[in-house]
$ cat input-v9.txt   # compact mmCIF, C-alpha atoms
# COMPACT_ATOMS: atom_id res chain seq x y z
CA MET R 152 -57.39 -35.97 37.64
CA ALA R 153 -53.67 -36.54 37.92
CA SER R 154 -53.88 -37.73 41.51
CA ALA R 155 -56.74 -40.08 40.68
CA LEU R 156 -54.71 -41.54 37.83
CA ARG R 157 -51.69 -41.82 40.07
CA SER R 158 -53.49 -43.71 42.79
CA ALA R 159 -55.19 -45.94 40.21
CA ILE R 160 -51.83 -46.86 38.73
CA LEU R 161 -50.12 -47.32 42.09
CA ARG R 162 -52.86 -49.64 43.25
CA HIS R 163 -52.25 -51.99 40.35
CA ILE R 164 -48.49 -52.00 40.20
CA ARG R 165 -46.75 -54.66 42.16
CA VAL R 166 -42.99 -54.58 42.31
CA PRO R 167 -41.42 -57.98 42.97
CA VAL R 168 -39.53 -57.47 46.21
CA THR R 169 -37.56 -60.71 46.12
CA HIS R 170 -35.53 -59.56 43.14
CA SER R 171 -34.21 -56.43 44.80
CA LEU R 172 -33.43 -58.34 47.98
CA ALA R 173 -31.26 -60.67 45.96
CA LEU R 174 -28.94 -57.77 45.18
CA ASN R 175 -26.28 -58.55 47.71
CA GLY R 176 -23.04 -56.71 48.16
CA SER R 177 -20.90 -58.61 45.70
CA ARG R 178 -23.35 -58.14 42.88
CA LEU R 179 -23.55 -54.42 43.52
CA ALA R 180 -19.81 -54.17 43.39
CA SER R 181 -19.47 -56.11 40.15
CA ALA R 182 -22.12 -54.21 38.18
CA ARG R 183 -22.51 -50.52 38.86
CA SER R 184 -24.34 -49.64 35.70
CA MET R 185 -24.25 -45.84 35.87
CA SER R 186 -20.75 -45.60 37.31
CA SER R 187 -18.11 -43.89 35.23
CA HIS R 188 -15.30 -46.04 36.57
CA GLY R 189 -14.68 -49.24 38.38
CA ASP R 190 -16.01 -51.75 35.88
CA ASP R 191 -13.47 -51.11 33.16
CA HIS R 192 -10.49 -51.78 35.37
CA LEU R 193 -7.58 -52.91 33.26
CA ASP R 194 -6.07 -56.30 33.81
CA LYS R 195 -2.36 -56.58 34.34
CA GLN R 196 -1.41 -58.06 30.98
CA THR R 197 -3.18 -55.27 29.07
CA VAL R 198 -1.37 -52.66 31.16
CA ILE R 199 1.99 -54.36 30.55
CA ASP R 200 1.43 -54.59 26.79
CA ARG R 201 0.32 -50.99 26.45
CA VAL R 202 3.12 -49.60 28.64
CA LEU R 203 5.70 -51.54 26.63
CA ASP R 204 4.17 -50.31 23.37
CA VAL R 205 4.48 -46.71 24.54
CA VAL R 206 8.10 -47.19 25.60
CA LYS R 207 9.01 -49.03 22.40
CA SER R 208 7.54 -46.30 20.23
CA PHE R 209 9.77 -43.72 21.90
CA PRO R 210 12.23 -42.63 19.18
CA LYS R 211 15.46 -42.96 21.17
CA VAL R 212 14.67 -46.41 22.52
CA ASP R 213 15.85 -49.64 20.90
CA PRO R 214 12.60 -51.69 20.91
CA SER R 215 14.44 -55.00 21.33
CA LYS R 216 15.81 -53.92 24.71
CA VAL R 217 12.42 -53.16 26.25
CA THR R 218 11.21 -55.65 28.85
CA PRO R 219 8.74 -55.23 31.73
CA ASP R 220 11.62 -54.78 34.19
CA VAL R 221 13.72 -52.32 32.24
CA HIS R 222 14.97 -49.14 33.93
CA PHE R 223 14.61 -46.06 31.73
CA GLN R 224 17.84 -44.28 32.59
CA LYS R 225 20.12 -47.16 33.59
CA ASP R 226 19.17 -49.71 30.93
CA LEU R 227 17.87 -47.65 28.03
CA GLY R 228 20.37 -44.81 28.21
CA LEU R 229 17.78 -42.07 28.50
CA ASP R 230 18.15 -38.83 30.47
CA SER R 231 15.79 -37.28 32.99
CA LEU R 232 13.95 -35.23 30.36
CA ASP R 233 13.29 -38.39 28.32
CA ASN R 234 12.00 -39.96 31.51
CA VAL R 235 9.46 -37.15 31.97
CA GLU R 236 8.57 -37.44 28.29
CA ILE R 237 7.78 -41.13 28.66
CA VAL R 238 5.66 -40.44 31.73
CA MET R 239 3.73 -37.82 29.76
CA ALA R 240 3.25 -40.32 26.93
CA LEU R 241 1.88 -42.81 29.45
CA GLU R 242 -0.46 -40.15 30.82
CA GLU R 243 -1.80 -39.60 27.34
CA GLU R 244 -2.12 -43.30 26.57
CA PHE R 245 -4.05 -44.12 29.76
CA LYS R 246 -5.88 -40.77 30.02
CA LEU R 247 -4.45 -40.05 33.46
CA GLU R 248 -2.96 -37.08 35.18
CA ILE R 249 -0.12 -38.32 37.35
CA PRO R 250 0.75 -35.89 40.17
CA ASP R 251 4.34 -34.63 40.34
CA LYS R 252 5.29 -36.65 43.41
CA GLU R 253 4.31 -39.95 41.82
CA ALA R 254 5.61 -38.95 38.40
CA ASP R 255 9.09 -38.34 39.85
CA LYS R 256 9.19 -41.86 41.24
CA ILE R 257 8.31 -43.59 37.99
CA ASP R 258 11.70 -44.35 36.47
CA SER R 259 11.25 -47.91 35.21
CA CYS R 260 8.74 -49.98 33.29
CA HIS R 261 8.03 -52.02 36.40
CA LEU R 262 7.03 -48.97 38.50
CA ALA R 263 4.98 -47.52 35.64
CA ILE R 264 3.06 -50.77 35.24
CA GLU R 265 2.46 -51.00 39.00
CA TYR R 266 1.25 -47.41 39.24
CA ILE R 267 -1.09 -47.61 36.26
CA HIS R 268 -2.43 -51.01 37.25
CA ASN R 269 -3.33 -49.68 40.70
CA HIS R 270 -4.80 -46.44 39.38
CA PRO R 271 -8.62 -46.55 39.46
CA MET R 272 -9.11 -44.12 36.56
CA ALA R 273 -6.76 -45.76 34.06
CA SER R 274 -8.47 -46.55 30.81
CA MET Q 87 -7.60 -26.27 29.20
CA ALA Q 88 -6.46 -22.81 28.18
CA SER Q 89 -7.03 -21.61 31.70
CA THR Q 90 -4.29 -23.90 33.03
CA VAL Q 91 -1.56 -21.73 31.60
CA LYS Q 92 -3.42 -18.46 31.20
CA TYR Q 93 -2.92 -17.17 34.70
CA VAL Q 94 0.63 -18.25 35.33
CA ARG Q 95 2.45 -15.62 37.35
CA VAL Q 96 6.13 -14.82 37.23
CA SER Q 97 7.58 -16.74 40.11
CA PRO Q 98 10.53 -15.57 42.23
CA ASN Q 99 14.02 -16.60 41.23
CA SER Q 100 15.07 -20.17 41.72
CA ALA Q 101 17.29 -20.46 44.77
CA SER Q 102 19.34 -23.34 43.46
CA LEU Q 103 20.06 -25.27 40.32
CA GLU Q 104 17.94 -28.11 41.66
CA GLU Q 105 14.91 -25.85 41.97
CA ALA Q 106 15.42 -24.46 38.48
CA ARG Q 107 15.70 -28.01 37.18
CA ARG Q 108 12.43 -28.98 38.82
CA ARG Q 109 10.78 -25.93 37.27
CA VAL Q 110 11.97 -26.96 33.84
CA PHE Q 111 10.26 -30.32 34.28
CA ASP Q 112 7.10 -28.60 35.53
CA PHE Q 113 7.13 -26.37 32.48
CA PHE Q 114 7.64 -29.35 30.22
CA LYS Q 115 4.66 -31.10 31.82
CA THR Q 116 2.47 -28.02 31.40
CA ALA Q 117 3.49 -27.81 27.76
CA CYS Q 118 2.77 -31.50 27.22
CA ARG Q 119 -0.64 -31.22 28.84
CA SER Q 120 -1.60 -28.34 26.55
CA ILE Q 121 -0.64 -30.27 23.40
CA PRO Q 122 -4.20 -31.58 22.78
CA THR Q 123 -5.54 -28.01 22.94
CA ILE Q 124 -2.85 -26.78 20.59
CA MET Q 125 -3.53 -29.56 18.10
CA GLU Q 126 -7.19 -28.69 18.17
CA ILE Q 127 -7.04 -24.90 17.82
CA TYR Q 128 -4.38 -24.91 15.09
CA ASN Q 129 -5.85 -27.94 13.34
CA ILE Q 130 -2.50 -29.68 12.87
CA ASP Q 131 -3.61 -33.29 13.35
CA ASP Q 132 -2.74 -34.19 9.77
CA VAL Q 133 0.80 -32.78 10.03
CA VAL Q 134 2.14 -33.95 13.38
CA THR Q 135 1.21 -36.36 16.13
CA PRO Q 136 1.14 -35.50 19.85
CA THR Q 137 4.21 -37.71 20.32
CA GLN Q 138 6.16 -35.72 17.75
CA LEU Q 139 5.11 -32.42 19.32
CA ARG Q 140 6.26 -33.72 22.69
CA SER Q 141 9.64 -34.63 21.23
CA ILE Q 142 9.89 -31.19 19.63
CA VAL Q 143 9.25 -29.46 22.96
CA ALA Q 144 11.83 -31.73 24.59
CA SER Q 145 14.39 -30.96 21.90
CA GLU Q 146 13.81 -27.23 22.34
CA ILE Q 147 14.49 -27.64 26.05
CA ARG Q 148 17.49 -29.86 25.38
CA LYS Q 149 19.03 -27.14 23.20
CA ASN Q 150 19.72 -25.23 26.43
CA SER Q 151 20.76 -28.21 28.53
CA HIS Q 152 24.33 -26.91 28.90
CA ILE Q 153 23.21 -23.88 30.92
CA SER Q 154 23.93 -24.16 34.63
CA ASN Q 155 23.16 -20.66 35.88
CA PRO Q 156 19.77 -20.72 37.68
CA LYS Q 157 19.06 -17.11 36.73
CA VAL Q 158 19.54 -17.83 33.05
CA ILE Q 159 17.33 -20.91 33.33
CA ASP Q 160 14.66 -18.79 35.02
CA MET Q 161 14.85 -16.29 32.18
CA LEU Q 162 14.55 -19.02 29.56
CA LEU Q 163 11.64 -20.52 31.48
CA PHE Q 164 9.93 -17.16 31.50
CA LYS Q 165 10.36 -16.86 27.76
CA GLY Q 166 9.12 -20.39 27.26
CA THR Q 167 6.05 -19.79 29.41
CA GLU Q 168 5.33 -16.61 27.48
CA GLU Q 169 5.63 -18.48 24.20
CA LEU Q 170 3.37 -21.26 25.46
CA ASN Q 171 0.80 -18.69 26.60
CA ASN Q 172 0.86 -17.05 23.21
CA ILE Q 173 0.34 -20.38 21.49
CA VAL Q 174 -2.45 -21.57 23.77
CA GLU Q 175 -4.28 -18.24 23.62
CA HIS Q 176 -4.25 -18.48 19.84
CA SER Q 177 -2.14 -15.34 19.43
CA LYS Q 178 -0.36 -17.10 16.59
CA GLN Q 179 -1.47 -18.58 13.35
CA ARG Q 180 -1.08 -22.05 11.96
CA HIS Q 181 1.92 -21.27 9.79
CA HIS Q 182 3.78 -19.81 12.77
CA ILE Q 183 3.51 -23.11 14.58
CA LEU Q 184 4.37 -25.15 11.51
CA GLY Q 185 7.28 -22.97 10.40
CA GLN Q 186 8.76 -22.57 13.83
CA TYR Q 187 8.36 -26.03 15.28
CA VAL Q 188 7.41 -28.58 12.66
CA LEU Q 189 8.95 -27.92 9.25
CA GLY Q 190 12.65 -28.32 8.65
CA ARG Q 191 13.07 -30.91 11.38
CA PRO Q 192 14.56 -34.06 9.90
CA GLU Q 193 12.69 -36.31 12.33
CA ILE Q 194 9.31 -34.92 11.15
CA THR Q 195 9.91 -34.03 7.50
CA PRO Q 196 12.52 -36.45 6.15
CA ASP Q 197 11.88 -35.42 2.52
CA SER Q 198 14.27 -32.49 2.94
CA ALA Q 199 17.18 -34.80 2.10
CA THR Q 200 17.18 -33.55 -1.50
CA LYS Q 201 17.90 -30.03 -0.26
CA GLU Q 202 21.03 -31.08 1.59
CA GLN Q 203 23.42 -30.14 -1.22
CA GLY Q 204 24.45 -26.51 -1.72
CA SER Q 205 26.04 -23.89 0.45
CA GLU Q 206 25.50 -23.41 4.16
CA TYR Q 207 23.45 -20.32 3.37
CA LEU Q 208 21.08 -22.27 1.11
CA LYS Q 209 20.69 -25.03 3.68
CA ASN Q 210 19.69 -22.50 6.30
CA PHE Q 211 17.37 -20.87 3.77
CA PHE Q 212 15.59 -24.14 3.09
CA ARG Q 213 15.44 -25.13 6.75
CA SER Q 214 13.56 -22.26 8.32
CA ASN Q 215 13.39 -18.52 8.65
CA TYR Q 216 12.96 -18.77 12.41
CA PHE Q 217 16.05 -18.54 14.56
$ encode --input "input-v9.txt" --output "structure tokens"
Amino acid sequence: MASALRSAILRHIRVPVTHSLALNGSRLASARSMSSHGDDHLDKQTVIDRVLDVVKSFPKVDPSKVTPDVHFQKDLGLDSLDNVEIVMALEEEFKLEIPDKEADKIDSCHLAIEYIHNHPMAS
Amino acid sequence: MASTVKYVRVSPNSASLEEARRRVFDFFKTACRSIPTIMEIYNIDDVVTPTQLRSIVASEIRKNSHISNPKVIDMLLFKGTEELNNIVEHSKQRHHILGQYVLGRPEITPDSATKEQGSEYLKNFFRSNYF
């Protein structure tokens, strides 16, 4: 019964082949519908704005001094523990987990923006 | 998330101040990463924000920033890890967390300005019964 139904249905269904052939590489890359990442990649200006917001909301920081090129310890007068605290705040904001090696290197807004912008999982 | 700190072993002594320093930062990161769990199990979203909790942990660490003996830092780290384990495993109750870390801190509860007058004893009484 089931196999008869199956063959009856399969005989009548025609899938348009031309449509699937039109899916070339660039279209696949731009729309991966079931993918959990890749499509929602952040553009640079969003990353800059959100990083600066995080740094400005840090209690010890004077918000007027914060620019995209500011160095946490040299320009903002923070210590190394504050630096780690900011990196943790950025992790929370962008839902990342930055490994220790990279986290140690992030000591300025510029490096933080670069790292997060290049991170595929940032959201 | 609880499993990240549950099975932490006591590590050997730090060989140098630099190593102890790195361990302090590692501990701080572990504590920061368990903040969402802590906020959830103690239901303290309406009292503090994750940012404030992070600052509180940092200020607790900064209290001991003058210590330069690696062995003492290791001991303090051990105590801190133990405390963090207790908190994450829900061995404490909500008022422990609030009394010990949240209340009586001017940056979190600024309404304590009215209690500033009076003797030193009274000020300490109003601030906290945790030392």
$ atom_distance --input "input-v9.txt" --atom1 "CA of Asp204 in chain R" --atom2 "CA of Phe111 in chain Q"
23.6 Å
$ interface_residues --input "input-v9.txt" --of "chain Q" --to "chain R" --cutoff "8 Å" --atoms "all atoms listed in the file" --output "PyMOL selection string"
chain Q and resi 111+115+118-119+137+140-141+144
$ write_last_selection --input "input-v9.txt" --atoms "C-alpha atoms" --output "mmCIF file, in the coordinates of the input"
data_model
loop_
_atom_site.group_PDB
_atom_site.id
_atom_site.type_symbol
_atom_site.label_atom_id
_atom_site.label_comp_id
_atom_site.auth_asym_id
_atom_site.auth_seq_id
_atom_site.Cartn_x
_atom_site.Cartn_y
_atom_site.Cartn_z
ATOM 1 C CA PHE Q 111 10.260 -30.320 34.280
ATOM 2 C CA LYS Q 115 4.660 -31.100 31.820
ATOM 3 C CA CYS Q 118 2.770 -31.500 27.220
ATOM 4 C CA ARG Q 119 -0.640 -31.220 28.840
ATOM 5 C CA THR Q 137 4.210 -37.710 20.320
ATOM 6 C CA ARG Q 140 6.260 -33.720 22.690
ATOM 7 C CA SER Q 141 9.640 -34.630 21.230
ATOM 8 C CA ALA Q 144 11.830 -31.730 24.590
#
$ atom_distance --input "input-v9.txt" --atom1 "CA of Ser100 in chain Q" --atom2 "CA of Asp160 in chain Q"
6.9 Å
$ atom_distance --input "input-v9.txt" --atom1 "CA of Asn171 in chain Q" --atom2 "CA of Pro122 in chain Q"
14.3 Å
